[in-house]
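I have placed the structure first, in the form of structure tokens, so that the comments after it can refer back to it.
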Number of protein chains: 2
Amino acid sequence: METHKAKRVTLADVAKASGMSKAAVSLILNNKEGARLSAEAKERVREVAKELGYRPNAAAQSLRSGKTRTLGFISDQVTVTRFASEMITGILRAAEARDHTVLIAETFGKPDQIAEAITQMTDRDVDGLILGFMDSRQRDLKIPHTGLPTVLVNGIDDSPCTAVLPNEWESGAKAVQRVIESGARSVAVIGELANAEKDPRTYPSISRRFSSLRGTLAETKLEVLGHWVLDDWNPTDGYEATTQLLAEGHSPDAIICANDRVAMGVFQALAEQGLTPGKDLSVLSFDDEIIASYLRPQLSSIRLPYEEMGSLAVDLLLDGNLKPGEHQIDMPLIERDSMMAH
Amino acid sequence: METHKAKRVTLADVAKASGMSKAAVSLILNNKEGARLSAEAKERVREVAKELGYRPNAAAQSLRSGKTRTLGFISDQVTVTRFASEMITGILRAAEARDHTVLIAETFGKPDQIAEAITQMTDRDVDGLILGFMDSRQRDLKIPHTGLPTVLVNGIDDSPCTAVLPNEWESGAKAVQRVIESGARSVAVIGELANAEKDPRTYPSISRRFSSLRGTLAETKLEVLGHWVLDDWNPTDGYEATTQLLAEGHSPDAIICANDRVAMGVFQALAEQGLTPGKDLSVLSFDDEIIASYLRPQLSSIRLPYEEMGSLAVDLLLDGNLKPGEHQIDMPLIERDSMMAH
DNA sequence: GTCTTGTGCTAAATGGATTTAGCACTTTCT
DNA sequence: AGAAAGTGCTAAATCCATTTAGCACAAGAC
């Protein structure tokens, strides 16, 4: 079946085999409305094209049209969390649905590599650019101005641009709401970052999460037993904060954790005191990383909707819907077993 | 500074501005050895090119050369684990070092989408293809035969092909060796998959890990207290197996876990019995997922070297080093706190 | 002074698809 | 019958970089 020299079938081949001109074949295969061609010719050409397995040469098409049907995705770190993966998934899903492919590059966490990555993308003439930031502490994006349609995901910039962000304003309110529904009267909040509020541009997601939490909490009758500011959000931090909280004699009905890693440490500390989340008290967290479902009991968490954010970015790009501004995506509460039923 | 209509600078523009022909400019900018051109002309052209910010049009280059300097990466699931992310990182690092970009596609776990993804890639005329399998249970790859240079990562196929795999033969031996060094006299193994050995093609990595473990163990004086076959490798499975093991009155000096998720469950069960890994007994695991460092104490684990695997795949592809066969990459033991010192 | 060799450079072809202008022919209108 | 309108199709230009064949001139050889 294989020909000796595997040469690709071109438009010219189809033209020759069907006895038509290249122009006619192109017109037909692209379903051009204006073209006047006989039904018979159309059928024949389509048949021959299929038979020969004709596929247009993408390079030739882009050269002519200036379009590549390719989107560029640049991320600051693909490695560490589930987030980048989910964002890629969302991007891939949306792009595929609209017959586009995705070129990726990464800055490996070094801000000065953004320019280099963007050059790669403009060299390949992508039709649009998605800049994804996993590390919400990134500052000074220094996004070089390209003429390209660009969407920022999970980041903001000084220059006016289109951005997709999780709806953190709502997430804090949602958490408090759920805590109240659990019947709690007292609550501890573990994990606010020390400098988040000072520099909201650097921590857009985080600072909103806590502004919202704090604001909503103030309007309720809940007793706030502790509001722990941490330098970092690792299990150890959650463990130590909780251990100290309990050692001070507090016994909150609910604990709200900054993220799932903190929650993991909280679980460990609670376990040491014989306390079981979902039975003796409620624990609620943010992010919904994979570990949320690994914990025992499984952790209820307000999810960072990275996949949806990726998809939306693609849609905005391809719809040319790029007015500067923010698009916020709802953060769903994933119910598991760490909240009291009430 | 910006021109009104942002039109890209072409070779012709550089030629006109420098008073040379397109041919000369091309020759100069590509450092063609054979070309006889005055040093003065070379300098002038390069200067003008830089000044104008000339960047070659990739589409035109590929059209002419048939090369795209682009690699395709198709993965079966990017979402779930850290593995795909690390593989992408490895691929990106190696590709960037050799001035290539990477196009990604995903099958979303559906094997029949491989063909579609490959079509996307051949349409874009990638220079090589990397097929990455995260889900080691994938069977019946049904890789359509393309003329493209292809490397399989973490998967094997019936047809002869170039594959990159973790060195699981060695990993089992390494684990046993480490357990012996910890001074253990008895060991439990938790987590062999029920059907792995029956279908090594479906579980290449896994079946080797356990063949090796079992073989090495048989040659030692270690007492094997339990060898738990599980249907799945989640924390719950590890928890239940361990609880049962202890309930039966065993008290192993060491536990080898199939992966880190199992180890997490093992930790939970041990904690309930007041047993601390690294102090009362040794726990060793495989994969080195992110949770390994979240556990308390931190888990020692034999790492799946996905980043290196990705890099190697790129190098093989670009070196044209594609003899059918397997390339195995060493799995390093990441020492943390869960093993006894001896 | 012709012949060779060398030097510096360019015209033109090439790759594959798209699109515009327009040719040749038939049908309809007056 | 002659003009106008309609139908089916194609030639050629275009996008941009690369590469081959070869032109025009200068310097050295005999």
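Identifiers in the structure tokens: chain A, B, ... in order shown; residue index from 1 per chain; ligand index from 1 in order shown.
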**Prompt:** Excluding same-chain residues fewer than 6 positions from D:DA13, what lies within 12 Å of it counting only C-alpha atoms (C1' of nucleotides), as a ChimeraX atom specification?
**Reply:** /A:64 /C:18-21
Kindly save the residues from that selection, with N, CA, C and O atoms (P, O5', C5', C4', C3', O3' and C1' of nucleotides) included, as a JSON list (two decimals), in the first residue's frame.
[["chain", "number", "residue", "atom", "x", "y", "z"],
["A", 64, "ARG", "N", 0.08, 31.97, 3.04],
["A", 64, "ARG", "CA", -0.89, 32.73, 2.24],
["A", 64, "ARG", "C", -1.80, 33.59, 3.11],
["A", 64, "ARG", "O", -2.02, 34.77, 2.85],
["C", 18, "DT", "P", -6.31, 26.48, 0.79],
["C", 18, "DT", "O5'", -6.28, 27.96, 0.19],
["C", 18, "DT", "C5'", -5.69, 28.99, 0.98],
["C", 18, "DT", "C4'", -5.78, 30.29, 0.24],
["C", 18, "DT", "C3'", -7.16, 30.70, -0.24],
["C", 18, "DT", "O3'", -7.33, 32.04, 0.19],
["C", 18, "DT", "C1'", -5.63, 30.87, -2.01],
["C", 19, "DT", "P", -8.77, 32.71, 0.23],
["C", 19, "DT", "O5'", -8.73, 33.71, -0.99],
["C", 19, "DT", "C5'", -7.61, 34.60, -1.12],
["C", 19, "DT", "C4'", -7.64, 35.23, -2.49],
["C", 19, "DT", "C3'", -9.04, 35.53, -3.02],
["C", 19, "DT", "O3'", -9.00, 36.82, -3.59],
["C", 19, "DT", "C1'", -7.82, 34.33, -4.62],
["C", 20, "DT", "P", -10.30, 37.73, -3.65],
["C", 20, "DT", "O5'", -9.93, 38.70, -4.87],
["C", 20, "DT", "C5'", -8.57, 39.08, -5.08],
["C", 20, "DT", "C4'", -8.29, 39.16, -6.57],
["C", 20, "DT", "C3'", -9.45, 39.72, -7.39],
["C", 20, "DT", "O3'", -8.94, 40.68, -8.29],
["C", 20, "DT", "C1'", -8.73, 37.66, -8.30],
["C", 21, "DA", "P", -9.96, 41.69, -8.99],
["C", 21, "DA", "O5'", -9.52, 41.60, -10.51],
["C", 21, "DA", "C5'", -8.16, 41.28, -10.85],
["C", 21, "DA", "C4'", -8.14, 40.56, -12.17],
["C", 21, "DA", "C3'", -9.17, 41.08, -13.19],
["C", 21, "DA", "O3'", -8.51, 41.23, -14.43],
["C", 21, "DA", "C1'", -9.44, 38.75, -12.90]]
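By only C-alpha atoms (C1' of nucleotides), and with residues fewer than 2 positions from C:DC3 along its chain excluded, the set lying at most 10 Å from it is DG1 and DT5 of chain C; DA29 and DC30 of chain D.
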**Request:** Could you give me the residues within stretch 26-116 of chain B that DSSP places in strand (DSSP E), as an MDAnalysis selection string?
**Result:** chainID B and resid 70:75 101:106
Hey, could you make a per-residue contact list for chain D against chain A with 7 Å as the cut-off, showing the nearest pair of atoms and its distance in Å to one decimal, counting only C-alpha atoms (C1' of nucleotides), sorted by chain and number, as a tab-separated table?
residue	atom	partner	partner_atom	distance
D:DG8	C1'	A:Leu37	CA	5.7
D:DT10	C1'	A:Ser21	CA	6.3
D:DC15	C1'	A:Arg64	CA	4.5
**Message:** Give me the residues near stretch 235-239 of chain A as a count of residues only, where near means some atom within 12 Å (using only C-alpha atoms (C1' of nucleotides)) and where sequence neighbours in that chain fewer than 4 positions away do not count.
**Reply:** 44
**Message:** For a quick test of understanding: name the residues of chain A lying within 7 Å of chain B when counting only C-alpha atoms, and present them as a count of residues only.
**Reply:** 22
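Atom CA of A:Leu284 is found 11.1 Å from atom CA of A:Gly172.
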**Request:** Name the residues of stretch 18-232 of chain B that come out as helix (DSSP H, G or I) in a backbone DSSP run; write them as a VMD selection string.
**Result:** chain B and resid 18 22 to 29 39 to 52 58 to 65 82 to 97 113 to 123 168 to 181 204 to 218
Do me a favour and pick out the residues of chain C within 8 Å of chain B, using only C-alpha atoms (C1' of nucleotides), as a short mmCIF file (atom, residue, chain, number, x, y, z; two decimals) with C-alpha atoms (C1' of nucleotides), in the first residue's frame.
data_model
loop_
_atom_site.label_atom_id
_atom_site.label_comp_id
_atom_site.auth_asym_id
_atom_site.auth_seq_id
_atom_site.Cartn_x
_atom_site.Cartn_y
_atom_site.Cartn_z
"C1'" DT C 7 35.44 37.19 -6.32
"C1'" DG C 8 31.10 39.43 -5.27
"C1'" DC C 9 26.84 39.34 -6.15
"C1'" DT C 10 21.89 38.50 -8.25
"C1'" DT C 14 10.91 26.58 -5.75
"C1'" DG C 15 7.58 24.98 -2.07
"C1'" DG C 16 1.76 24.59 -1.72
#
**Message:** I'd like the neighbourhood of D:DA5 as a PyMOL selection string, where a residue qualifies if any of its atoms comes within 9 Å (using only C-alpha atoms (C1' of nucleotides)), though same-chain residues fewer than 3 positions away should be ignored.
**Reply:** chain C and resi 27-29
Could you write out that same residue set with C-alpha atoms (C1' of nucleotides) as a PDB file, in the first residue's frame?
ATOM      1  C1'  DT C  27     -28.839  30.875 -22.513  1.00  0.00           C
ATOM      2  C1'  DT C  28     -32.130  34.597 -22.273  1.00  0.00           C
ATOM      3  C1'  DC C  29     -33.821  39.063 -23.607  1.00  0.00           C
TER       4       DC C  29
END
**Asked** Could you name the residues that touch B:Asp315 at 9 Å or less, counting only C-alpha atoms (C1' of nucleotides), but leaving out those on the same chain fewer than 6 positions away, as JSON, numbers by chain?
**Response** {"B": [94, 95, 98, 321]}
Convert the current residue selection to file output with C-alpha atoms, as an mmCIF file, in the first residue's frame.
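Result saved to selection_8.cif:
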data_model
loop_
_atom_site.group_PDB
_atom_site.id
_atom_site.type_symbol
_atom_site.label_atom_id
_atom_site.label_comp_id
_atom_site.auth_asym_id
_atom_site.auth_seq_id
_atom_site.Cartn_x
_atom_site.Cartn_y
_atom_site.Cartn_z
ATOM 1 C CA ALA B 94 15.412 19.960 25.811
ATOM 2 C CA ALA B 95 13.452 21.387 22.913
ATOM 3 C CA ARG B 98 17.853 23.002 20.531
ATOM 4 C CA ASN B 321 18.796 8.144 17.126
#
**Prompt:** Hey, can you check how far atom CA of B:Val314 sits from atom CA of B:Asn154?
**Reply:** 13.9 Å
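The gap separating atom CA of B:Glu168 from atom CA of B:Thr216 is 12.5 Å, in Å to one decimal.
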**Prompt:** Which polymer residues have any atom within 8 Å of an atom of B:Arg303, counting only C-alpha atoms (C1' of nucleotides), with same-chain residues fewer than 2 positions away left out, as a VMD selection string?
**Reply:** chain B and resid 286 to 289 301 305 331 to 334
**Request:** Excluding A:Asn31 and any residue of its chain fewer than 6 positions from it, enumerate the residues within 12 Å of it, using only C-alpha atoms (C1' of nucleotides), and give them as a ChimeraX atom specification.
**Result:** /A:24-25,37,39,42-43,45-46
Written file, previous selection with N, CA, C and O atoms, as a PDB file, in the first residue's frame:
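Output file out.pdb is given in full below:
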ATOM      1  N   ALA A  24      -9.943  25.393  -8.891  1.00  0.00           N
ATOM      2  CA  ALA A  24     -11.244  24.751  -8.702  1.00  0.00           C
ATOM      3  C   ALA A  24     -11.221  23.857  -7.464  1.00  0.00           C
ATOM      4  O   ALA A  24     -12.137  23.898  -6.634  1.00  0.00           O
ATOM      5  N   VAL A  25     -10.170  23.084  -7.341  1.00  0.00           N
ATOM      6  CA  VAL A  25     -10.077  22.159  -6.214  1.00  0.00           C
ATOM      7  C   VAL A  25     -10.086  22.923  -4.892  1.00  0.00           C
ATOM      8  O   VAL A  25     -10.812  22.581  -3.957  1.00  0.00           O
ATOM      9  N   LEU A  37     -19.481  26.252  -9.630  1.00  0.00           N
ATOM     10  CA  LEU A  37     -18.893  24.988 -10.107  1.00  0.00           C
ATOM     11  C   LEU A  37     -19.979  23.930 -10.104  1.00  0.00           C
ATOM     12  O   LEU A  37     -20.850  23.926  -9.230  1.00  0.00           O
ATOM     13  N   ALA A  39     -22.171  20.625  -9.726  1.00  0.00           N
ATOM     14  CA  ALA A  39     -22.321  19.665  -8.644  1.00  0.00           C
ATOM     15  C   ALA A  39     -21.488  18.421  -8.921  1.00  0.00           C
ATOM     16  O   ALA A  39     -20.879  17.838  -8.024  1.00  0.00           O
ATOM     17  N   LYS A  42     -17.863  19.073  -8.152  1.00  0.00           N
ATOM     18  CA  LYS A  42     -17.641  19.100  -6.712  1.00  0.00           C
ATOM     19  C   LYS A  42     -17.512  17.700  -6.138  1.00  0.00           C
ATOM     20  O   LYS A  42     -16.588  17.396  -5.388  1.00  0.00           O
ATOM     21  N   GLU A  43     -18.441  16.881  -6.558  1.00  0.00           N
ATOM     22  CA  GLU A  43     -18.442  15.529  -6.028  1.00  0.00           C
ATOM     23  C   GLU A  43     -17.160  14.783  -6.396  1.00  0.00           C
ATOM     24  O   GLU A  43     -16.528  14.137  -5.571  1.00  0.00           O
ATOM     25  N   VAL A  45     -14.220  15.936  -7.246  1.00  0.00           N
ATOM     26  CA  VAL A  45     -13.034  16.455  -6.566  1.00  0.00           C
ATOM     27  C   VAL A  45     -12.977  15.961  -5.125  1.00  0.00           C
ATOM     28  O   VAL A  45     -11.944  15.497  -4.653  1.00  0.00           O
ATOM     29  N   ARG A  46     -14.105  16.032  -4.453  1.00  0.00           N
ATOM     30  CA  ARG A  46     -14.109  15.594  -3.058  1.00  0.00           C
ATOM     31  C   ARG A  46     -13.759  14.120  -2.931  1.00  0.00           C
ATOM     32  O   ARG A  46     -13.056  13.713  -2.013  1.00  0.00           O
TER      33      ARG A  46
END
